[in-house]
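Trainee: Sharing upload03.txt below, compact mmCIF, C-alpha atoms:
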```txt
# COMPACT_ATOMS: atom_id res chain seq x y z
CA MET O 1 -19.63 -21.62 38.33
CA THR O 2 -19.83 -20.54 41.94
CA SER O 3 -17.56 -17.78 43.13
CA THR O 4 -15.87 -17.76 46.50
CA PHE O 5 -13.45 -14.91 45.88
CA ALA O 6 -13.67 -12.34 48.67
CA SER O 7 -10.90 -10.01 47.54
CA PRO O 8 -8.75 -9.40 44.47
CA PRO O 9 -5.32 -11.01 44.29
CA GLY O 10 -2.88 -8.74 46.09
CA GLY O 11 -5.80 -6.63 47.27
CA ALA O 12 -5.59 -3.58 49.46
CA PRO O 13 -4.83 -3.96 53.18
CA GLY O 14 -7.87 -5.18 55.03
CA THR O 15 -9.50 -6.97 52.10
CA ALA O 16 -8.30 -10.35 53.40
CA ALA O 17 -10.76 -10.08 56.29
CA ALA O 18 -14.07 -11.92 56.30
CA PRO O 19 -16.31 -10.75 53.45
CA ALA O 20 -18.82 -7.98 54.14
CA VAL O 21 -21.66 -10.01 52.63
CA VAL O 22 -21.86 -13.62 51.48
CA ALA O 23 -24.45 -15.55 49.49
CA THR O 24 -24.38 -19.34 49.80
CA GLU O 25 -26.25 -21.49 47.25
CA VAL O 26 -28.91 -18.78 46.89
CA THR O 27 -31.93 -19.58 44.76
CA LYS O 28 -34.86 -17.32 43.93
CA VAL O 29 -38.02 -18.52 42.24
CA TYR O 30 -40.94 -16.29 41.28
CA GLY O 31 -44.30 -17.95 40.70
CA ALA O 32 -45.06 -21.66 40.80
CA GLY O 33 -45.58 -24.65 38.57
CA GLY O 34 -45.32 -24.08 34.85
CA ALA O 35 -45.22 -20.31 35.38
CA ALA O 36 -42.23 -20.45 37.75
CA VAL O 37 -39.29 -18.20 36.89
CA HIS O 38 -35.91 -19.25 38.32
CA ALA O 39 -34.15 -15.90 38.73
CA LEU O 40 -31.22 -17.31 40.75
CA ARG O 41 -30.09 -20.94 40.50
CA GLY O 42 -27.65 -21.56 43.35
CA VAL O 43 -25.37 -18.53 43.60
CA SER O 44 -22.45 -18.60 46.04
CA VAL O 45 -20.35 -15.45 46.20
CA GLY O 46 -18.56 -13.25 48.72
CA PHE O 47 -17.98 -9.50 48.55
CA ALA O 48 -14.81 -8.10 50.12
CA ARG O 49 -14.75 -5.42 52.77
CA GLY O 50 -13.27 -2.14 51.61
CA ALA O 51 -13.70 -3.08 47.95
CA PHE O 52 -15.87 -1.95 45.04
CA THR O 53 -17.60 -4.82 43.22
CA ALA O 54 -19.83 -4.54 40.18
CA ILE O 55 -22.48 -7.11 39.21
CA MET O 56 -23.20 -7.41 35.49
CA GLY O 57 -24.94 -9.66 33.02
CA PRO O 58 -27.41 -9.73 30.14
CA SER O 59 -30.98 -8.58 30.69
CA GLY O 60 -32.79 -11.15 32.82
CA SER O 61 -29.57 -12.67 34.16
CA GLY O 62 -30.58 -12.14 37.78
CA LYS O 63 -28.21 -9.33 38.71
CA SER O 64 -30.79 -7.03 40.33
CA THR O 65 -32.47 -9.99 42.03
CA LEU O 66 -29.13 -11.00 43.53
CA MET O 67 -28.51 -7.51 44.86
CA HIS O 68 -32.00 -7.30 46.35
CA CYS O 69 -31.48 -10.63 48.11
CA LEU O 70 -28.06 -9.58 49.41
CA ALA O 71 -29.52 -6.33 50.75
CA GLY O 72 -32.50 -7.93 52.44
CA LEU O 73 -34.92 -6.20 50.09
CA ASP O 74 -36.17 -9.55 48.83
CA THR O 75 -36.33 -13.01 50.40
CA VAL O 76 -34.48 -16.02 49.02
CA SER O 77 -36.22 -19.25 48.00
CA GLY O 78 -33.25 -21.33 49.12
CA GLY O 79 -29.73 -20.95 50.43
CA SER O 80 -28.58 -18.21 52.78
CA VAL O 81 -27.28 -14.65 52.94
CA ALA O 82 -25.01 -13.34 55.68
CA LEU O 83 -24.23 -9.67 56.29
CA GLY O 84 -21.05 -9.74 58.32
CA ASP O 85 -21.83 -11.96 61.32
CA ALA O 86 -25.62 -11.68 60.84
CA GLU O 87 -27.52 -14.40 59.01
CA ILE O 88 -30.35 -12.38 57.43
CA THR O 89 -32.11 -15.34 55.83
CA GLY O 90 -35.25 -16.03 57.80
CA MET O 91 -35.23 -12.73 59.68
CA SER O 92 -38.59 -11.11 60.36
CA ASP O 93 -39.60 -7.95 58.51
CA LYS O 94 -38.88 -5.94 61.65
CA GLN O 95 -35.41 -7.45 62.02
CA LEU O 96 -34.64 -6.83 58.34
CA THR O 97 -35.78 -3.22 58.67
CA MET O 98 -33.33 -2.75 61.54
CA VAL O 99 -30.50 -4.35 59.57
CA ARG O 100 -31.15 -2.15 56.54
CA ARG O 101 -31.40 0.95 58.72
CA GLU O 102 -28.31 0.34 60.83
CA ARG O 103 -25.90 -1.66 58.67
CA VAL O 104 -26.71 -1.00 55.01
CA GLY O 105 -26.74 2.02 52.69
CA PHE O 106 -28.63 2.29 49.39
CA VAL O 107 -28.18 4.32 46.22
CA PHE O 108 -30.78 3.82 43.49
CA GLN O 109 -31.25 5.01 39.92
CA ALA O 110 -33.98 7.35 41.17
CA PHE O 111 -32.42 9.78 43.64
CA ASN O 112 -35.28 9.40 46.17
CA LEU O 113 -34.68 12.81 47.75
CA LEU O 114 -37.43 14.69 49.58
CA PRO O 115 -38.11 17.84 47.53
CA THR O 116 -39.02 20.05 50.50
CA LEU O 117 -35.80 19.38 52.42
CA SER O 118 -32.36 20.89 51.92
CA ALA O 119 -29.45 18.73 50.81
CA GLU O 120 -28.19 18.68 54.39
CA ARG O 121 -31.54 17.47 55.77
CA ASN O 122 -31.81 14.85 53.03
CA ILE O 123 -28.37 13.54 54.00
CA THR O 124 -29.09 13.38 57.74
CA LEU O 125 -32.75 12.29 57.55
CA PRO O 126 -32.08 8.53 57.95
CA LEU O 127 -30.16 9.24 61.15
CA GLU O 128 -32.99 11.40 62.45
CA LEU O 129 -35.56 8.71 61.66
CA ALA O 130 -33.41 6.15 63.48
CA GLY O 131 -33.04 8.45 66.48
CA ARG O 132 -29.28 8.58 66.03
CA LYS O 133 -27.14 11.63 66.62
CA VAL O 134 -25.22 13.06 63.69
CA ASP O 135 -21.46 12.66 64.03
CA GLN O 136 -20.58 16.15 62.90
CA ALA O 137 -16.94 15.42 62.12
CA TRP O 138 -17.91 12.43 59.98
CA PHE O 139 -20.70 14.39 58.30
CA GLU O 140 -18.27 17.15 57.35
CA HIS O 141 -15.79 14.59 56.02
CA VAL O 142 -18.45 12.92 53.86
CA VAL O 143 -19.65 16.28 52.54
CA GLU O 144 -16.05 17.24 51.73
CA VAL O 145 -15.42 14.02 49.82
CA VAL O 146 -18.72 14.27 47.94
CA GLY O 147 -18.00 17.89 47.04
CA LEU O 148 -21.26 19.42 48.30
CA LYS O 149 -20.00 21.81 50.94
CA ASP O 150 -21.44 24.86 49.16
CA ARG O 151 -24.72 23.13 48.26
CA LEU O 152 -26.00 22.00 51.65
CA SER O 153 -28.73 24.65 51.88
CA HIS O 154 -30.06 23.91 48.38
CA ARG O 155 -33.19 21.89 47.76
CA PRO O 156 -33.14 19.07 45.17
CA ASN O 157 -34.73 21.21 42.43
CA GLU O 158 -31.82 23.64 42.82
CA LEU O 159 -29.26 20.90 42.18
CA SER O 160 -28.13 19.17 39.00
CA GLY O 161 -28.82 15.46 38.52
CA GLY O 162 -25.24 14.61 39.39
CA GLN O 163 -25.38 16.72 42.54
CA GLN O 164 -28.66 15.09 43.58
CA GLN O 165 -27.14 11.64 43.20
CA ARG O 166 -24.12 12.73 45.22
CA VAL O 167 -26.51 13.83 47.95
CA ALA O 168 -27.99 10.34 47.81
CA CYS O 169 -24.49 8.85 48.06
CA ALA O 170 -23.69 11.05 51.06
CA ARG O 171 -26.97 10.00 52.68
CA ALA O 172 -25.93 6.36 52.25
CA LEU O 173 -22.48 7.01 53.72
CA VAL O 174 -23.32 9.20 56.69
CA SER O 175 -24.59 6.30 58.79
CA ARG O 176 -21.27 4.43 58.31
CA PRO O 177 -22.89 1.34 56.80
CA GLU O 178 -21.06 -1.95 56.51
CA VAL O 179 -21.95 -2.07 52.81
CA ILE O 180 -23.58 0.21 50.25
CA PHE O 181 -25.72 -1.36 47.54
CA ALA O 182 -26.00 0.76 44.40
CA ASP O 183 -28.56 -0.22 41.74
CA GLU O 184 -27.78 1.45 38.39
CA PRO O 185 -26.71 4.64 40.23
CA THR O 186 -25.81 6.47 37.00
CA GLY O 187 -28.84 5.29 35.00
CA ASN O 188 -30.56 8.70 35.07
CA LEU O 189 -27.41 10.77 34.54
CA ASP O 190 -25.52 12.02 31.52
CA SER O 191 -21.97 10.76 31.04
CA ARG O 192 -20.32 13.69 32.81
CA ALA O 193 -22.58 13.57 35.87
CA GLY O 194 -22.30 9.79 35.92
CA ALA O 195 -18.51 10.04 35.97
CA GLU O 196 -18.73 12.44 38.93
CA VAL O 197 -20.83 10.00 40.94
CA LEU O 198 -18.67 7.00 40.06
CA ALA O 199 -15.52 8.91 40.98
CA PHE O 200 -17.08 9.69 44.33
CA LEU O 201 -18.02 6.06 44.95
CA ARG O 202 -14.48 5.05 43.99
CA SER O 203 -13.00 7.63 46.40
CA SER O 204 -15.30 6.48 49.21
CA VAL O 205 -13.73 3.03 48.90
CA ARG O 206 -10.20 4.37 48.67
CA GLU O 207 -10.42 7.11 51.32
CA MET O 208 -13.08 5.77 53.70
CA GLY O 209 -12.69 2.01 53.35
CA GLN O 210 -16.32 1.76 52.23
CA THR O 211 -17.65 -1.49 50.77
CA ILE O 212 -19.76 -1.07 47.61
CA VAL O 213 -21.73 -3.58 45.58
CA MET O 214 -23.10 -2.03 42.38
CA VAL O 215 -25.40 -3.41 39.71
CA THR O 216 -24.77 -1.82 36.31
CA HIS O 217 -25.17 -2.54 32.60
CA ASP O 218 -22.50 0.01 31.65
CA PRO O 219 -18.91 -1.23 30.99
CA VAL O 220 -17.54 2.24 31.70
CA ALA O 221 -19.23 2.29 35.11
CA ALA O 222 -18.06 -1.23 35.89
CA ALA O 223 -14.46 -0.21 35.14
CA TYR O 224 -14.48 1.92 38.31
CA ALA O 225 -14.80 -1.28 40.35
CA ASP O 226 -12.05 -3.53 41.68
CA ARG O 227 -13.88 -6.62 40.50
CA VAL O 228 -16.80 -7.50 38.24
CA VAL O 229 -18.99 -10.55 38.80
CA PHE O 230 -20.94 -11.72 35.73
CA LEU O 231 -24.26 -13.56 35.81
CA ARG O 232 -26.14 -15.38 33.08
CA ASP O 233 -29.39 -17.30 33.50
CA GLY O 234 -29.28 -16.95 37.28
CA LEU O 235 -25.75 -18.26 37.72
CA ILE O 236 -22.34 -16.66 38.19
CA VAL O 237 -20.38 -17.66 35.11
CA THR O 238 -17.17 -15.64 35.40
CA GLU O 239 -15.51 -12.70 37.13
CA LEU O 240 -12.91 -10.10 36.28
CA PHE O 241 -10.40 -8.24 38.43
CA GLU O 242 -8.95 -4.79 37.65
CA PRO O 243 -11.49 -4.26 34.85
CA THR O 244 -11.29 -1.78 32.00
CA PRO O 245 -14.20 -0.77 29.76
CA ASP O 246 -12.77 -2.90 26.96
CA THR O 247 -12.23 -6.05 29.03
CA VAL O 248 -15.71 -5.72 30.54
CA LEU O 249 -17.27 -5.25 27.09
CA ASP O 250 -15.41 -8.25 25.71
CA ARG O 251 -16.60 -10.41 28.61
CA LEU O 252 -20.20 -9.24 28.16
CA LYS O 253 -20.05 -10.03 24.44
CA SER O 254 -18.90 -13.54 25.25
CA LEU O 255 -22.00 -13.91 27.45
CA GLY O 256 -24.37 -12.57 24.83
CA GLY O 257 -25.02 -9.33 26.77
```
Take the structure in the file and write it out as structure tokens.

Mentor:
Amino acid sequence: MTSTFASPPGGAPGTAAAPAVVATEVTKVYGAGGAAVHALRGVSVGFARGAFTAIMGPSGSGKSTLMHCLAGLDTVSGGSVALGDAEITGMSDKQLTMVRRERVGFVFQAFNLLPTLSAERNITLPLELAGRKVDQAWFEHVVEVVGLKDRLSHRPNELSGGQQQRVACARALVSRPEVIFADEPTGNLDSRAGAEVLAFLRSSVREMGQTIVMVTHDPVAAAYADRVVFLRDGLIVTELFEPTPDTVLDRLKSLGG
């Protein structure tokens, strides 16, 4: 199955626009000859602007590989990836670095915060490195939504795991990226802290019109999304709109995940 859905049926205003990121017949092969591993086998899928999409599947299904290819963190073996109006397939390393810096945000399982910097400096550091001025009004709005207004002077070791991940989310948002890619963002958090981070990601879509693509193995996390795309053996095999933990779990069971 190849998926061409860009937005859920009856989606929110604005989701009918061109997708934020599109993969077309994407393949990814690691190794060669008899040792070759086909991680992706011709995936075509679009991700709607202003929507929250989760990518799921059994271990080894290709979900993280797909996200890395969509984000320009890994090259494709075949097919193409477009971020908005930019065809990133075939871009040089320098061009990809610029795209990731200016148009994409990242949230990973590891918080990747600099321990010597305050929460505020960690949030604004990517802008500083890019030589871009901080939009103070936007910064304050992001901090308000993420709930860190009284924690900006704290260093990472003075914050809980959930607060550290929310700093990472704010860092991803402050540059106003076209899309945020989140790879198991609650993987290092307990259930309560994970729920805080997921609620924030959900509110960033609802209140800021952010586009989020998240890889997760957790049905509860996936239920925060508008849509779940399921992979198995390097192919998209089904998708689910308006998911609940139970419907996601049932779909995973049917895939053997």

Trainee: From the set O:Ala119, O:Val229, O:Met67, O:Ala195, which residue has the shortest atom-to-atom contact distance to Asp183 of chain O, counting all atoms listed in the file?

Mentor: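 Closest to Asp183 of chain O, using all atoms listed in the file: O:Met67.
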
Trainee: How big is the axis-aligned box around all listed atoms of segment 180-184 of chain O once 8 Å goes on each side, and where's its centre, in Å to one decimal, as lines of an AutoDock Vina configuration file?

Mentor:
```
center_x = -26.1
center_y = 0.0
center_z = 44.3
size_x = 21.0
size_y = 18.8
size_z = 27.9
```

Trainee: Within 7 Å of Gly62 of chain O, counting all atoms listed in the file, which residues qualify if same-chain residues fewer than 3 places away don't, as number ranges by chain?

Mentor: O: 39-40, 65-66, 231, 233-234

Trainee: Which residue gives the smallest distance to Arg101 of chain O among O:Val197, O:Ala51, O:Val179, O:Ala137, with all atoms listed in the file counted?

Mentor: O:Val179

Trainee: Measuring between all atoms listed in the file, which one of O:Ala71, O:Val213, O:Leu129, O:Ile55 shows the shortest distance to Phe230 of chain O?

Mentor: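 Counting all atoms listed in the file, the residue closest to Phe230 of chain O is O:Ile55.
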
Trainee: Smallest atom-to-atom distance to Ala172 of chain O: which of O:Asn112, O:Ser77, O:Thr24, O:Ser160, using all atoms listed in the file?

Mentor: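 That would be O:Asn112, the residue with the smallest distance to Ala172 of chain O.
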
Trainee: I want to know what sits within 12 Å of segment 202-207 of chain O, based on only C-alpha atoms, with residues of the same chain fewer than 6 positions away left out; could you give that as a PyMOL selection string?

Mentor: chain O and resi 11-15+48-54+141-147+166+169-170+172-174+176-180+195-196+213-214+221-226

Trainee: Could you check how far atom CA of Lys28 of chain O sits from atom CA of Gly72 of chain O, in Å to one decimal?

Mentor: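 Calculated distance between atom CA of Lys28 of chain O and atom CA of Gly72 of chain O is 12.9 Å.
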
Trainee: Could you work out how far atom CA of Asp135 of chain O lies from atom CA of Gln164 of chain O, giving the answer in Å with one decimal?

Mentor: 21.8 Å

Trainee: Which is closest to Ser59 of chain O among O:His217, O:Arg251, O:Ala86, O:Gly79, if we use all atoms listed in the file?

Mentor: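 Closest to Ser59 of chain O of all the choices is O:His217.
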
Trainee: Between atom CA of Ile123 of chain O and atom CA of Gly46 of chain O, what is the distance in Å, rounded to a tenth?

Mentor: 29.0 Å

Trainee: With only C-alpha atoms as the basis for distance, which of O:Thr238, O:Ser44, O:Thr89, O:Thr211 is at the shortest distance from Gly105 of chain O?

Mentor: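 Closest candidate: O:Thr211.
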